[in-house]
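K.L.:
File name final29.tsv; file contents TSV, C-alpha atoms and all ligand atoms; full text below.
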```tsv
chain	number	residue	atom	x	y	z
A	1	MET	CA	79.78	110.52	115.62
A	2	GLN	CA	82.04	113.35	114.45
A	3	GLU	CA	84.36	112.34	111.64
A	4	ILE	CA	88.01	111.94	112.63
A	5	LYS	CA	90.42	113.65	110.26
A	6	PHE	CA	93.45	111.55	109.36
A	7	ILE	CA	96.86	113.05	108.54
A	8	LYS	CA	99.27	110.43	107.22
A	9	ALA	CA	102.86	110.22	108.45
A	10	GLN	CA	105.57	110.68	105.79
A	11	THR	CA	107.69	107.95	107.31
A	12	LEU	CA	107.12	105.36	110.01
A	13	LYS	CA	109.54	104.80	112.89
A	14	GLU	CA	111.53	101.69	113.58
A	15	LYS	CA	110.04	99.83	116.54
A	16	PRO	CA	112.27	99.43	119.60
A	17	ASP	CA	113.62	96.12	120.82
A	18	GLU	CA	111.10	94.83	123.37
A	19	SER	CA	113.82	93.98	125.87
A	20	THR	CA	114.84	97.65	126.15
A	21	LEU	CA	111.42	99.30	126.50
A	22	GLY	CA	111.51	100.57	130.08
A	23	PHE	CA	108.60	102.90	130.80
A	24	GLY	CA	107.38	105.79	128.64
A	25	LYS	CA	110.53	106.31	126.56
A	26	TYR	CA	109.20	105.44	123.09
A	27	PHE	CA	106.13	106.77	121.32
A	28	THR	CA	104.24	105.35	118.37
A	29	ASP	CA	103.79	106.94	114.93
A	30	TYR	CA	100.39	108.51	115.55
A	31	MET	CA	98.46	110.40	118.22
A	32	PHE	CA	94.90	111.63	118.59
A	33	THR	CA	94.06	115.29	119.25
A	34	MET	CA	90.83	117.20	119.76
A	35	ASP	CA	90.25	120.86	120.63
A	36	TYR	CA	87.78	122.66	122.84
A	37	THR	CA	86.64	126.21	122.31
A	38	GLU	CA	84.16	127.92	124.63
A	39	GLY	CA	80.80	128.28	122.88
A	40	GLU	CA	81.70	125.60	120.34
A	41	GLY	CA	82.51	122.57	122.51
A	42	TRP	CA	84.95	119.80	121.54
A	43	HIS	CA	85.82	119.83	117.84
A	44	SER	CA	88.39	118.93	115.18
A	45	PRO	CA	89.15	115.32	116.21
A	46	THR	CA	92.28	114.30	114.36
A	47	ILE	CA	94.66	111.36	114.15
A	48	CYS	CA	98.01	112.75	113.07
A	49	PRO	CA	101.74	111.92	113.31
A	50	TYR	CA	103.14	111.99	116.87
A	51	GLY	CA	105.60	114.85	117.21
A	52	ALA	CA	106.62	118.17	118.71
A	53	VAL	CA	104.02	120.91	119.00
A	54	ALA	CA	104.82	124.64	119.24
A	55	TYR	CA	102.90	126.78	121.74
A	56	GLU	CA	103.29	130.34	123.00
A	57	PRO	CA	105.26	130.63	126.26
A	58	SER	CA	102.19	132.24	127.86
A	59	LEU	CA	100.23	128.99	127.51
A	60	MET	CA	98.09	128.69	130.62
A	61	VAL	CA	98.98	125.10	131.44
A	62	TYR	CA	102.68	126.01	131.71
A	63	HIS	CA	101.94	128.50	134.48
A	64	TYR	CA	99.00	127.24	136.49
A	65	GLY	CA	98.99	123.53	135.76
A	66	GLN	CA	95.40	123.20	134.60
A	67	THR	CA	95.80	119.72	133.16
A	68	ILE	CA	94.65	116.17	133.81
A	69	PHE	CA	95.70	112.78	132.52
A	70	GLU	CA	94.92	109.07	132.47
A	71	GLY	CA	96.89	105.87	132.07
A	72	LEU	CA	95.53	102.62	130.64
A	73	LYS	CA	96.89	99.71	128.68
A	74	ALA	CA	96.32	97.72	125.49
A	75	TYR	CA	97.50	94.14	125.06
A	76	LYS	CA	97.48	91.51	122.35
A	77	ASN	CA	95.44	88.61	123.64
A	78	THR	CA	96.28	84.95	123.11
A	79	GLN	CA	94.53	85.08	119.71
A	80	GLY	CA	96.74	88.02	118.69
A	81	LYS	CA	93.81	90.49	118.85
A	82	PRO	CA	94.30	93.96	120.37
A	83	VAL	CA	92.28	94.56	123.53
A	84	MET	CA	92.13	97.24	126.23
A	85	PHE	CA	91.59	96.88	129.97
A	86	ARG	CA	88.53	98.78	131.28
A	87	PRO	CA	89.00	101.90	129.10
A	88	MET	CA	85.60	103.37	129.97
A	89	GLU	CA	86.61	103.48	133.65
A	90	ASN	CA	89.58	105.66	132.71
A	91	LEU	CA	87.50	108.00	130.55
A	92	MET	CA	84.92	108.42	133.29
A	93	ARG	CA	87.69	109.16	135.80
A	94	LEU	CA	89.12	111.69	133.33
A	95	ASN	CA	85.77	113.49	133.49
A	96	ARG	CA	85.78	113.41	137.30
A	97	SER	CA	89.30	114.88	137.34
A	98	ALA	CA	88.17	117.44	134.74
A	99	GLU	CA	85.38	118.66	136.98
A	100	ARG	CA	87.78	119.21	139.90
A	101	VAL	CA	90.08	121.50	137.90
A	102	CYS	CA	87.38	123.26	135.83
A	103	ILE	CA	88.11	121.49	132.53
A	104	PRO	CA	85.04	120.83	130.32
A	105	GLN	CA	83.61	117.31	130.19
A	106	ILE	CA	84.38	115.04	127.24
A	107	ASP	CA	81.93	112.75	125.46
A	108	VAL	CA	83.29	109.44	126.76
A	109	ASP	CA	81.60	107.37	124.04
A	110	PHE	CA	83.18	109.44	121.28
A	111	VAL	CA	86.62	109.43	122.91
A	112	LEU	CA	86.42	105.63	123.36
A	113	TYR	CA	85.53	105.33	119.66
A	114	ALA	CA	88.52	107.53	118.74
A	115	LEU	CA	90.81	105.61	121.10
A	116	LYS	CA	89.84	102.32	119.45
A	117	LYS	CA	90.59	103.80	116.00
A	118	LEU	CA	94.01	104.98	117.20
A	119	VAL	CA	94.97	101.70	118.88
A	120	ALA	CA	93.71	99.68	115.89
A	121	LEU	CA	95.92	101.82	113.61
A	122	GLU	CA	98.91	101.30	115.92
A	123	LYS	CA	98.30	97.65	116.84
A	124	ASP	CA	101.69	96.55	115.47
A	125	TRP	CA	103.24	98.64	118.26
A	126	ILE	CA	101.68	96.48	121.00
A	127	PRO	CA	104.59	94.49	122.43
A	128	THR	CA	104.00	90.88	123.39
A	129	SER	CA	106.92	89.79	125.60
A	130	ASP	CA	106.32	89.04	129.26
A	131	GLY	CA	105.41	92.13	131.30
A	132	THR	CA	105.01	94.45	128.28
A	133	SER	CA	102.00	96.35	126.94
A	134	LEU	CA	101.03	99.46	125.02
A	135	TYR	CA	100.56	102.22	127.58
A	136	ILE	CA	97.90	104.75	126.60
A	137	ARG	CA	98.18	108.28	127.97
A	138	PRO	CA	95.16	110.53	127.34
A	139	PHE	CA	95.53	114.06	128.70
A	140	ILE	CA	93.83	117.44	128.50
A	141	MET	CA	95.56	120.77	128.96
A	142	ALA	CA	94.58	124.43	129.10
A	143	THR	CA	95.64	126.20	125.90
A	144	ASP	CA	94.72	129.88	126.36
A	145	ALA	CA	97.76	132.07	125.80
A	146	ALA	CA	97.09	134.37	128.78
A	147	LEU	CA	98.36	134.95	132.31
A	148	GLY	CA	95.24	135.73	134.35
A	149	VAL	CA	94.43	133.07	136.95
A	150	HIS	CA	91.07	131.63	135.85
A	151	PRO	CA	89.91	128.56	133.95
A	152	SER	CA	91.08	128.55	130.35
A	153	HIS	CA	88.56	129.10	127.54
A	154	THR	CA	90.31	126.64	125.22
A	155	TYR	CA	91.74	123.15	125.77
A	156	ARG	CA	93.41	120.37	123.84
A	157	LEU	CA	92.96	116.65	124.44
A	158	TYR	CA	95.77	114.34	123.32
A	159	ILE	CA	96.06	110.59	123.34
A	160	ILE	CA	99.62	109.34	122.95
A	161	LEU	CA	100.79	105.71	122.97
A	162	SER	CA	103.96	104.21	124.37
A	163	PRO	CA	105.12	100.58	124.24
A	164	VAL	CA	106.30	99.78	127.76
A	165	GLY	CA	107.93	97.14	129.91
A	166	ARG	CA	107.55	96.92	133.69
A	167	TYR	CA	107.33	100.24	135.55
A	168	TYR	CA	109.89	99.38	138.23
A	169	LYS	CA	113.41	98.28	137.38
A	170	GLU	CA	112.94	95.65	140.11
A	171	GLY	CA	110.35	93.95	137.84
A	172	LEU	CA	108.31	91.62	140.02
A	173	LYS	CA	110.89	91.73	142.84
A	174	PRO	CA	109.65	93.59	145.91
A	175	VAL	CA	110.32	97.33	146.01
A	176	LYS	CA	111.63	99.36	148.96
A	177	ILE	CA	109.26	102.01	150.25
A	178	TYR	CA	109.98	104.97	152.51
A	179	VAL	CA	107.11	106.23	154.66
A	180	SER	CA	107.21	110.02	154.66
A	181	ASP	CA	106.09	111.80	157.80
A	182	LYS	CA	107.65	115.07	156.66
A	183	TYR	CA	106.13	115.82	153.25
A	184	VAL	CA	102.57	115.24	152.11
A	185	ARG	CA	101.15	114.52	148.67
A	186	ALA	CA	97.57	115.67	149.21
A	187	PHE	CA	95.14	117.09	151.74
A	188	GLU	CA	91.49	116.56	152.51
A	189	GLY	CA	89.68	119.09	150.32
A	190	GLY	CA	92.65	119.24	147.94
A	191	LEU	CA	93.38	117.58	144.61
A	192	GLY	CA	94.45	114.10	145.73
A	193	ALA	CA	91.57	112.23	144.08
A	194	ALA	CA	92.07	113.96	140.72
A	195	LYS	CA	94.68	112.73	138.26
A	196	THR	CA	96.23	116.13	137.80
A	197	ALA	CA	99.85	117.18	137.35
A	198	ALA	CA	100.04	119.07	140.66
A	199	ASN	CA	99.84	115.84	142.68
A	200	TYR	CA	102.84	114.45	140.86
A	201	ALA	CA	104.82	117.69	141.21
A	202	ALA	CA	104.01	117.62	144.95
A	203	SER	CA	105.50	114.14	145.21
A	204	LEU	CA	108.85	114.79	143.52
A	205	TYR	CA	110.91	116.32	146.33
A	206	GLY	CA	110.03	113.66	148.90
A	207	ALA	CA	110.52	110.92	146.31
A	208	GLU	CA	113.98	112.28	145.38
A	209	GLU	CA	115.02	112.30	149.04
A	210	ALA	CA	113.79	108.74	149.44
A	211	GLN	CA	115.60	107.64	146.29
A	212	LYS	CA	118.86	109.12	147.57
A	213	LYS	CA	118.43	106.90	150.62
A	214	GLY	CA	117.99	103.87	148.35
A	215	TYR	CA	114.20	103.60	148.25
A	216	THR	CA	112.08	103.09	145.14
A	217	GLN	CA	109.05	105.12	146.19
A	218	VAL	CA	107.37	106.99	149.05
A	219	LEU	CA	104.30	105.90	150.97
A	220	TRP	CA	102.32	109.06	151.74
A	221	LEU	CA	100.45	109.57	154.99
A	222	ASP	CA	97.45	111.89	155.41
A	223	GLY	CA	98.18	115.61	155.46
A	224	LYS	CA	96.53	116.45	158.77
A	225	HIS	CA	97.54	113.79	161.30
A	226	HIS	CA	100.50	112.25	159.44
A	227	LYS	CA	99.35	108.83	160.55
A	228	TYR	CA	96.70	107.46	158.18
A	229	VAL	CA	98.13	105.59	155.20
A	230	GLU	CA	97.13	107.11	151.85
A	231	GLU	CA	98.92	105.89	148.71
A	232	VAL	CA	102.27	105.67	146.96
A	233	GLY	CA	101.59	108.25	144.23
A	234	THR	CA	102.23	105.86	141.35
A	235	MET	CA	100.05	103.19	142.92
A	236	ASN	CA	97.47	102.48	145.65
A	237	ILE	CA	98.57	100.34	148.58
A	238	MET	CA	97.16	97.17	150.18
A	239	PHE	CA	98.14	95.20	153.29
A	240	LYS	CA	97.26	91.55	153.87
A	241	ILE	CA	96.78	91.10	157.60
A	242	GLY	CA	95.86	87.52	158.39
A	243	ASP	CA	93.15	86.55	155.89
A	244	THR	CA	91.98	90.12	155.31
A	245	VAL	CA	93.32	92.62	152.82
A	246	VAL	CA	93.09	96.18	154.11
A	247	THR	CA	93.35	99.20	151.84
A	248	PRO	CA	92.75	102.88	152.66
A	249	ALA	CA	89.18	104.03	151.98
A	250	LEU	CA	88.68	106.77	149.40
A	251	ASP	CA	86.20	108.94	151.31
A	252	ARG	CA	88.67	111.63	152.42
A	253	GLY	CA	89.10	112.53	148.75
A	254	SER	CA	92.89	112.65	148.99
A	255	ILE	CA	93.61	109.27	147.35
A	256	LEU	CA	93.43	108.44	143.65
A	257	PRO	CA	90.55	106.01	143.00
A	258	GLY	CA	92.66	103.45	141.15
A	259	ILE	CA	91.10	101.22	138.50
A	260	THR	CA	93.59	98.45	139.26
A	261	ARG	CA	92.74	99.00	142.95
A	262	LYS	CA	89.05	98.48	142.21
A	263	SER	CA	89.81	95.44	140.03
A	264	ALA	CA	92.16	93.91	142.63
A	265	ILE	CA	89.48	94.24	145.33
A	266	GLN	CA	87.08	92.20	143.16
A	267	VAL	CA	89.70	89.56	142.36
A	268	ILE	CA	90.82	89.21	146.00
A	269	ARG	CA	87.20	88.67	147.09
A	270	ASP	CA	86.84	86.14	144.29
A	271	MET	CA	89.94	84.38	145.67
A	272	GLY	CA	88.02	83.93	148.93
A	273	TYR	CA	89.63	86.62	151.08
A	274	LYS	CA	88.01	89.51	152.87
A	275	VAL	CA	88.78	93.08	151.77
A	276	GLU	CA	88.29	96.05	154.05
A	277	GLU	CA	88.35	99.59	152.66
A	278	ARG	CA	88.87	101.66	155.77
A	279	GLU	CA	91.23	103.98	157.60
A	280	ILE	CA	94.48	102.28	158.48
A	281	THR	CA	97.24	103.95	160.48
A	282	ILE	CA	100.91	103.28	159.92
A	283	ASP	CA	101.02	102.15	163.58
A	284	GLU	CA	98.52	99.41	162.79
A	285	VAL	CA	100.70	98.20	159.91
A	286	TYR	CA	103.76	97.94	162.17
A	287	GLU	CA	101.74	96.28	164.97
A	288	ALA	CA	100.44	93.68	162.51
A	289	PHE	CA	104.04	93.02	161.47
A	290	ASP	CA	105.14	92.65	165.11
A	291	LYS	CA	102.35	90.13	165.70
A	292	GLY	CA	103.43	88.15	162.63
A	293	LEU	CA	100.13	88.91	160.84
A	294	LEU	CA	101.40	91.16	158.04
A	295	THR	CA	102.03	88.66	155.26
A	296	ASP	CA	101.83	90.84	152.14
A	297	VAL	CA	102.16	94.49	151.20
A	298	PHE	CA	101.64	95.43	147.57
A	299	GLY	CA	100.81	98.33	145.31
A	300	THR	CA	98.19	98.39	142.57
A	301	GLY	CA	98.29	100.65	139.54
A	302	THR	CA	98.01	100.65	135.76
A	303	ALA	CA	101.72	101.18	135.24
A	304	ALA	CA	102.78	99.10	138.26
A	305	VAL	CA	100.04	96.40	137.85
A	306	ILE	CA	100.52	94.50	141.16
A	307	SER	CA	103.85	95.37	142.72
A	308	PRO	CA	105.12	93.66	145.88
A	309	VAL	CA	106.60	95.80	148.64
A	310	GLY	CA	109.51	94.16	150.45
A	311	ILE	CA	110.95	96.80	152.73
A	312	LEU	CA	109.05	99.51	154.57
A	313	THR	CA	110.89	102.20	156.53
A	314	TRP	CA	109.06	104.57	158.87
A	315	GLY	CA	111.21	106.78	161.09
A	316	ASP	CA	113.93	104.57	162.52
A	317	ARG	CA	112.05	101.28	161.97
A	318	THR	CA	112.63	99.17	158.89
A	319	ILE	CA	110.61	96.03	158.38
A	320	ASP	CA	111.26	93.28	155.87
A	321	ILE	CA	107.95	91.81	154.80
A	322	CYS	CA	108.86	89.00	152.42
A	323	ASN	CA	112.64	88.38	152.37
A	324	GLY	CA	113.12	89.84	148.90
A	325	GLU	CA	110.72	87.53	147.05
A	326	ILE	CA	107.16	88.02	145.86
A	327	THR	CA	104.80	86.07	148.13
A	328	PRO	CA	102.42	83.37	146.79
A	329	PHE	CA	99.32	85.49	147.50
A	330	THR	CA	100.64	88.59	145.70
A	331	LYS	CA	101.86	86.45	142.80
A	332	GLU	CA	98.48	84.76	142.48
A	333	LEU	CA	96.75	88.15	142.42
A	334	TYR	CA	99.21	89.40	139.78
A	335	ASP	CA	98.67	86.27	137.68
A	336	ARG	CA	94.89	86.39	137.94
A	337	ILE	CA	94.74	90.03	136.80
A	338	THR	CA	97.29	89.71	134.01
A	339	ASN	CA	95.75	86.43	132.81
A	340	ILE	CA	92.44	88.25	132.34
A	341	GLN	CA	94.21	91.14	130.59
A	342	LEU	CA	95.98	88.77	128.19
A	343	GLY	CA	92.93	86.58	127.54
A	344	ILE	CA	94.60	83.52	129.13
A	345	ASP	CA	91.75	83.32	131.66
A	346	GLU	CA	88.07	83.92	131.06
A	347	ASP	CA	87.01	87.59	131.31
A	348	LYS	CA	84.52	86.80	134.04
A	349	PHE	CA	84.08	90.41	135.18
A	350	SER	CA	83.64	91.82	131.62
A	351	TRP	CA	86.71	94.04	131.85
A	352	ILE	CA	88.14	93.48	128.38
A	353	GLU	CA	87.26	95.82	125.52
A	354	PRO	CA	88.11	94.63	122.00
A	355	VAL	CA	89.77	97.31	119.89
A	356	GLU	CA	88.40	96.08	116.57
A	357	GLU	CA	84.82	95.01	115.84
B	401	LIG	C1	99.55	104.86	135.94
B	401	LIG	O1	99.67	103.85	136.63
B	401	LIG	O2	99.04	104.83	134.82
B	401	LIG	C2	99.99	106.14	136.45
B	401	LIG	O3	99.45	107.11	136.03
B	401	LIG	C3	101.09	106.19	137.42
B	401	LIG	C4	102.33	106.92	136.94
B	401	LIG	C5	103.04	106.28	135.82
B	401	LIG	C6	102.12	108.37	136.74
```
Would you mind giving the structure from this file in structure tokens?
Ligand code: COI
P.N.:
Amino acid sequence: MQEIKFIKAQTLKEKPDESTLGFGKYFTDYMFTMDYTEGEGWHSPTICPYGAVAYEPSLMVYHYGQTIFEGLKAYKNTQGKPVMFRPMENLMRLNRSAERVCIPQIDVDFVLYALKKLVALEKDWIPTSDGTSLYIRPFIMATDAALGVHPSHTYRLYIILSPVGRYYKEGLKPVKIYVSDKYVRAFEGGLGAAKTAANYAASLYGAEEAQKKGYTQVLWLDGKHHKYVEEVGTMNIMFKIGDTVVTPALDRGSILPGITRKSAIQVIRDMGYKVEEREITIDEVYEAFDKGLLTDVFGTGTAAVISPVGILTWGDRTIDICNGEITPFTKELYDRITNIQLGIDEDKFSWIEPVEE
């Protein structure tokens, strides 16, 4: 293992009141950084004070968006010990995203080791009130100061930490979702399966329009036919139709392979329900509603955890799935996942990674 350099902060920040956290507004005292230079590989791993960094305006990432990120969470379990939820899954996905945008691979074992050191150092920042956690944001960006369009020769990896509350202001109340048949987030053959900034930039305009109409988020349809359901952008989507949960399959490569999605599929099967990963059209969703079979719609994501969807609007049709209240099935799924994360229930799928030995 490379040695991690430590640069001590002169002063430590006051921690925010847990009732005012929101999402991604506060950052802890320290961050982790590591640099990549062509011919040399990844080097100079450092834990240093979180703060502003000066770069030249020609920095490649500013112009061409060669950057990728991850999102995962740390919790304090019922014994007060810091733990993380499936961190290796995130680091492996970071490498898959890296490949798609020509960023060099990281050594996932070393980065996990560094991440544990960082979270252990910052464990007092892990909030413990209901619905809170320490959100971990690893990202890698191109750092050549040059304007030619080609992969950068140098990169920087950061890991920053943010104590967070629930992602949506609605909390566990169902959110309102607008189905966009005008704009698309991703295309087959495009970047949709990679966690890269461009996908989020692509979602902003449609999301702003939806928000002006009073919706929380957009449900994106496929780019070619505008009829197959894809994802929400900040979360994957699932529909419970009768006793089967249906979620869009990942094979088109235009949907983010969510780690909460993957975990939810396992938990739902463990609850005794069927899960189908397949193509699902927006027509089928509305038909299921008309037949009285659509009992639950919910999103899955690291930030969103399990988030019920109450209202769905597509063209001139608005449907109300659960009368403004989380349904028993969605609540049970939420509880089962969060109880594993918090150590209330047994970690029967081996998803929990202790931060300290
Ligand atoms: C996450 O759930 O971690 C995400 O990355 C979604 C969003 C906050 C960008």
K.L.:
Name the closest residue to ligand LIG 401 (chain B) among the candidates A:Gln217, A:Thr154, A:Thr37, A:Ser44; distances are taken between atoms, counting only C-alpha atoms and all ligand atoms.
P.N.:
A:Gln217
K.L.:
Let me make sure I understand: among A:Met31, A:Ala249, A:Ile177, A:Leu72, which one has the smallest atom-to-atom distance to Arg278 in chain A if we use all atoms listed in the file?
P.N.:
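Distance minimum relative to Arg278 in chain A lands on A:Ala249.
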K.L.:
Determine the nearest neighbour of Ile136 in chain A from the options A:Asp320, A:Asp181, A:Asp107, A:Glu70, counting all atoms listed in the file.
P.N.:
A:Glu70
K.L.:
With only C-alpha atoms counted, which protein, DNA or RNA residues have an atom no more than 9 Å from (105.9, 105.8, 148.5) in the file frame? Please answer as JSON, numbers by chain.
P.N.:
{"A": [176, 177, 178, 179, 180, 203, 206, 207, 210, 215, 216, 217, 218, 219, 220, 231, 232, 233, 234, 235]}
K.L.:
Kindly save the residues from that selection, with C-alpha atoms included, as a CSV table (one decimal), keeping the file's coordinate frame.
P.N.:
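Output below, filename result22.csv:
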```csv
chain,number,residue,atom,x,y,z
A,176,LYS,CA,111.6,99.4,149.0
A,177,ILE,CA,109.3,102.0,150.2
A,178,TYR,CA,110.0,105.0,152.5
A,179,VAL,CA,107.1,106.2,154.7
A,180,SER,CA,107.2,110.0,154.7
A,203,SER,CA,105.5,114.1,145.2
A,206,GLY,CA,110.0,113.7,148.9
A,207,ALA,CA,110.5,110.9,146.3
A,210,ALA,CA,113.8,108.7,149.4
A,215,TYR,CA,114.2,103.6,148.2
A,216,THR,CA,112.1,103.1,145.1
A,217,GLN,CA,109.0,105.1,146.2
A,218,VAL,CA,107.4,107.0,149.0
A,219,LEU,CA,104.3,105.9,151.0
A,220,TRP,CA,102.3,109.1,151.7
A,231,GLU,CA,98.9,105.9,148.7
A,232,VAL,CA,102.3,105.7,147.0
A,233,GLY,CA,101.6,108.2,144.2
A,234,THR,CA,102.2,105.9,141.4
A,235,MET,CA,100.0,103.2,142.9
```
K.L.:
Enter the distance from CA of Gly253 in chain A to CA of Ala193 in chain A, in Å, rounded to one decimal.
P.N.:
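Spanning CA of Gly253 in chain A to CA of Ala193 in chain A is a straight-line distance of 5.3 Å.
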K.L.:
If you take only C-alpha atoms and all ligand atoms and a cut-off of 8 Å, which residues of chain A touch ligand LIG 401 (chain B), and what are their nearest atom pairs and distances in Å to one decimal, in chain and number order, as a tab-separated table?
P.N.:
```
residue	atom	partner	partner_atom	distance
A:Phe69	CA	B:LIG401	O3	7.7
A:Glu70	CA	B:LIG401	O3	6.1
A:Gly71	CA	B:LIG401	O2	3.6
A:Leu72	CA	B:LIG401	O2	5.9
A:Tyr135	CA	B:LIG401	O2	7.8
A:Arg137	CA	B:LIG401	O2	7.7
A:Tyr167	CA	B:LIG401	C5	7.4
A:Lys195	CA	B:LIG401	O3	7.7
A:Tyr200	CA	B:LIG401	C6	7.4
A:Gly233	CA	B:LIG401	C3	7.1
A:Thr234	CA	B:LIG401	C3	4.1
A:Met235	CA	B:LIG401	O1	6.3
A:Gly301	CA	B:LIG401	O1	4.5
A:Thr302	CA	B:LIG401	O1	3.7
A:Ala303	CA	B:LIG401	O1	3.6
A:Ala304	CA	B:LIG401	O1	5.9
A:Val305	CA	B:LIG401	O1	7.6
```
K.L.:
Using all atoms listed in the file, find the one residue out of A:Val309, A:Ile268, A:Val149, A:Ile255 that sits nearest to His63 in chain A.
P.N.:
A:Val149
K.L.:
Please determine, counting all atoms listed in the file, which residue among A:Gly171, A:Pro104, A:Pro127, A:Gly343 has the shortest atom-to-atom distance to Met141 in chain A.
P.N.:
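Distance minimum relative to Met141 in chain A lands on A:Pro104.
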K.L.:
By how many Å are CA of Leu115 in chain A and CA of Tyr62 in chain A apart?
P.N.:
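That distance, rounded to one decimal, is 25.9 Å.
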K.L.:
Show me, as a PDB file with C-alpha atoms, in the frame of the given file, the residues that have an atom within 6 Å of Phe139 in chain A when counting only C-alpha atoms, minus same-chain residues fewer than 3 positions from it.
P.N.:
```pdb
ATOM      1  CA  ILE A  68      94.650 116.170 133.810  1.00  0.00           C
ATOM      2  CA  PHE A  69      95.700 112.780 132.520  1.00  0.00           C
ATOM      3  CA  LEU A 157      92.960 116.650 124.440  1.00  0.00           C
ATOM      4  CA  TYR A 158      95.770 114.340 123.320  1.00  0.00           C
TER       5      TYR A 158
END
```
K.L.:
Taking the partial coordinates given, rebuild range 187-199 of chain A to contain N, CA and C atoms; return it as a short mmCIF file (atom, residue, chain, number, x, y, z; two decimals), keeping the file's coordinate frame.
P.N.:
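Generated output (selection-v1.cif):
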```cif
data_model
loop_
_atom_site.label_atom_id
_atom_site.label_comp_id
_atom_site.auth_asym_id
_atom_site.auth_seq_id
_atom_site.Cartn_x
_atom_site.Cartn_y
_atom_site.Cartn_z
N PHE A 187 95.88 116.70 150.53
CA PHE A 187 95.14 117.09 151.74
C PHE A 187 93.66 116.85 151.51
N GLU A 188 92.95 116.61 152.60
CA GLU A 188 91.49 116.56 152.51
C GLU A 188 91.01 117.90 151.94
N GLY A 189 90.14 117.85 150.95
CA GLY A 189 89.68 119.09 150.32
C GLY A 189 90.57 119.54 149.17
N GLY A 190 91.71 118.87 149.00
CA GLY A 190 92.65 119.24 147.94
C GLY A 190 92.40 118.44 146.67
N LEU A 191 93.49 118.15 145.96
CA LEU A 191 93.38 117.58 144.61
C LEU A 191 93.65 116.09 144.54
N GLY A 192 93.93 115.48 145.71
CA GLY A 192 94.45 114.10 145.73
C GLY A 192 93.68 113.09 144.91
N ALA A 193 92.36 113.23 144.81
CA ALA A 193 91.57 112.23 144.08
C ALA A 193 91.54 112.49 142.58
N ALA A 194 92.07 113.63 142.16
CA ALA A 194 92.07 113.96 140.72
C ALA A 194 93.43 113.58 140.13
N LYS A 195 93.40 113.09 138.90
CA LYS A 195 94.68 112.73 138.26
C LYS A 195 95.18 113.98 137.55
N THR A 196 95.77 114.85 138.33
CA THR A 196 96.23 116.13 137.80
C THR A 196 97.71 116.33 138.14
N ALA A 197 98.40 117.07 137.27
CA ALA A 197 99.85 117.18 137.35
C ALA A 197 100.35 117.63 138.72
N ALA A 198 99.59 118.50 139.39
CA ALA A 198 100.04 119.07 140.66
C ALA A 198 100.36 117.98 141.69
N ASN A 199 99.59 116.91 141.70
CA ASN A 199 99.84 115.84 142.68
C ASN A 199 101.20 115.18 142.45
#
```
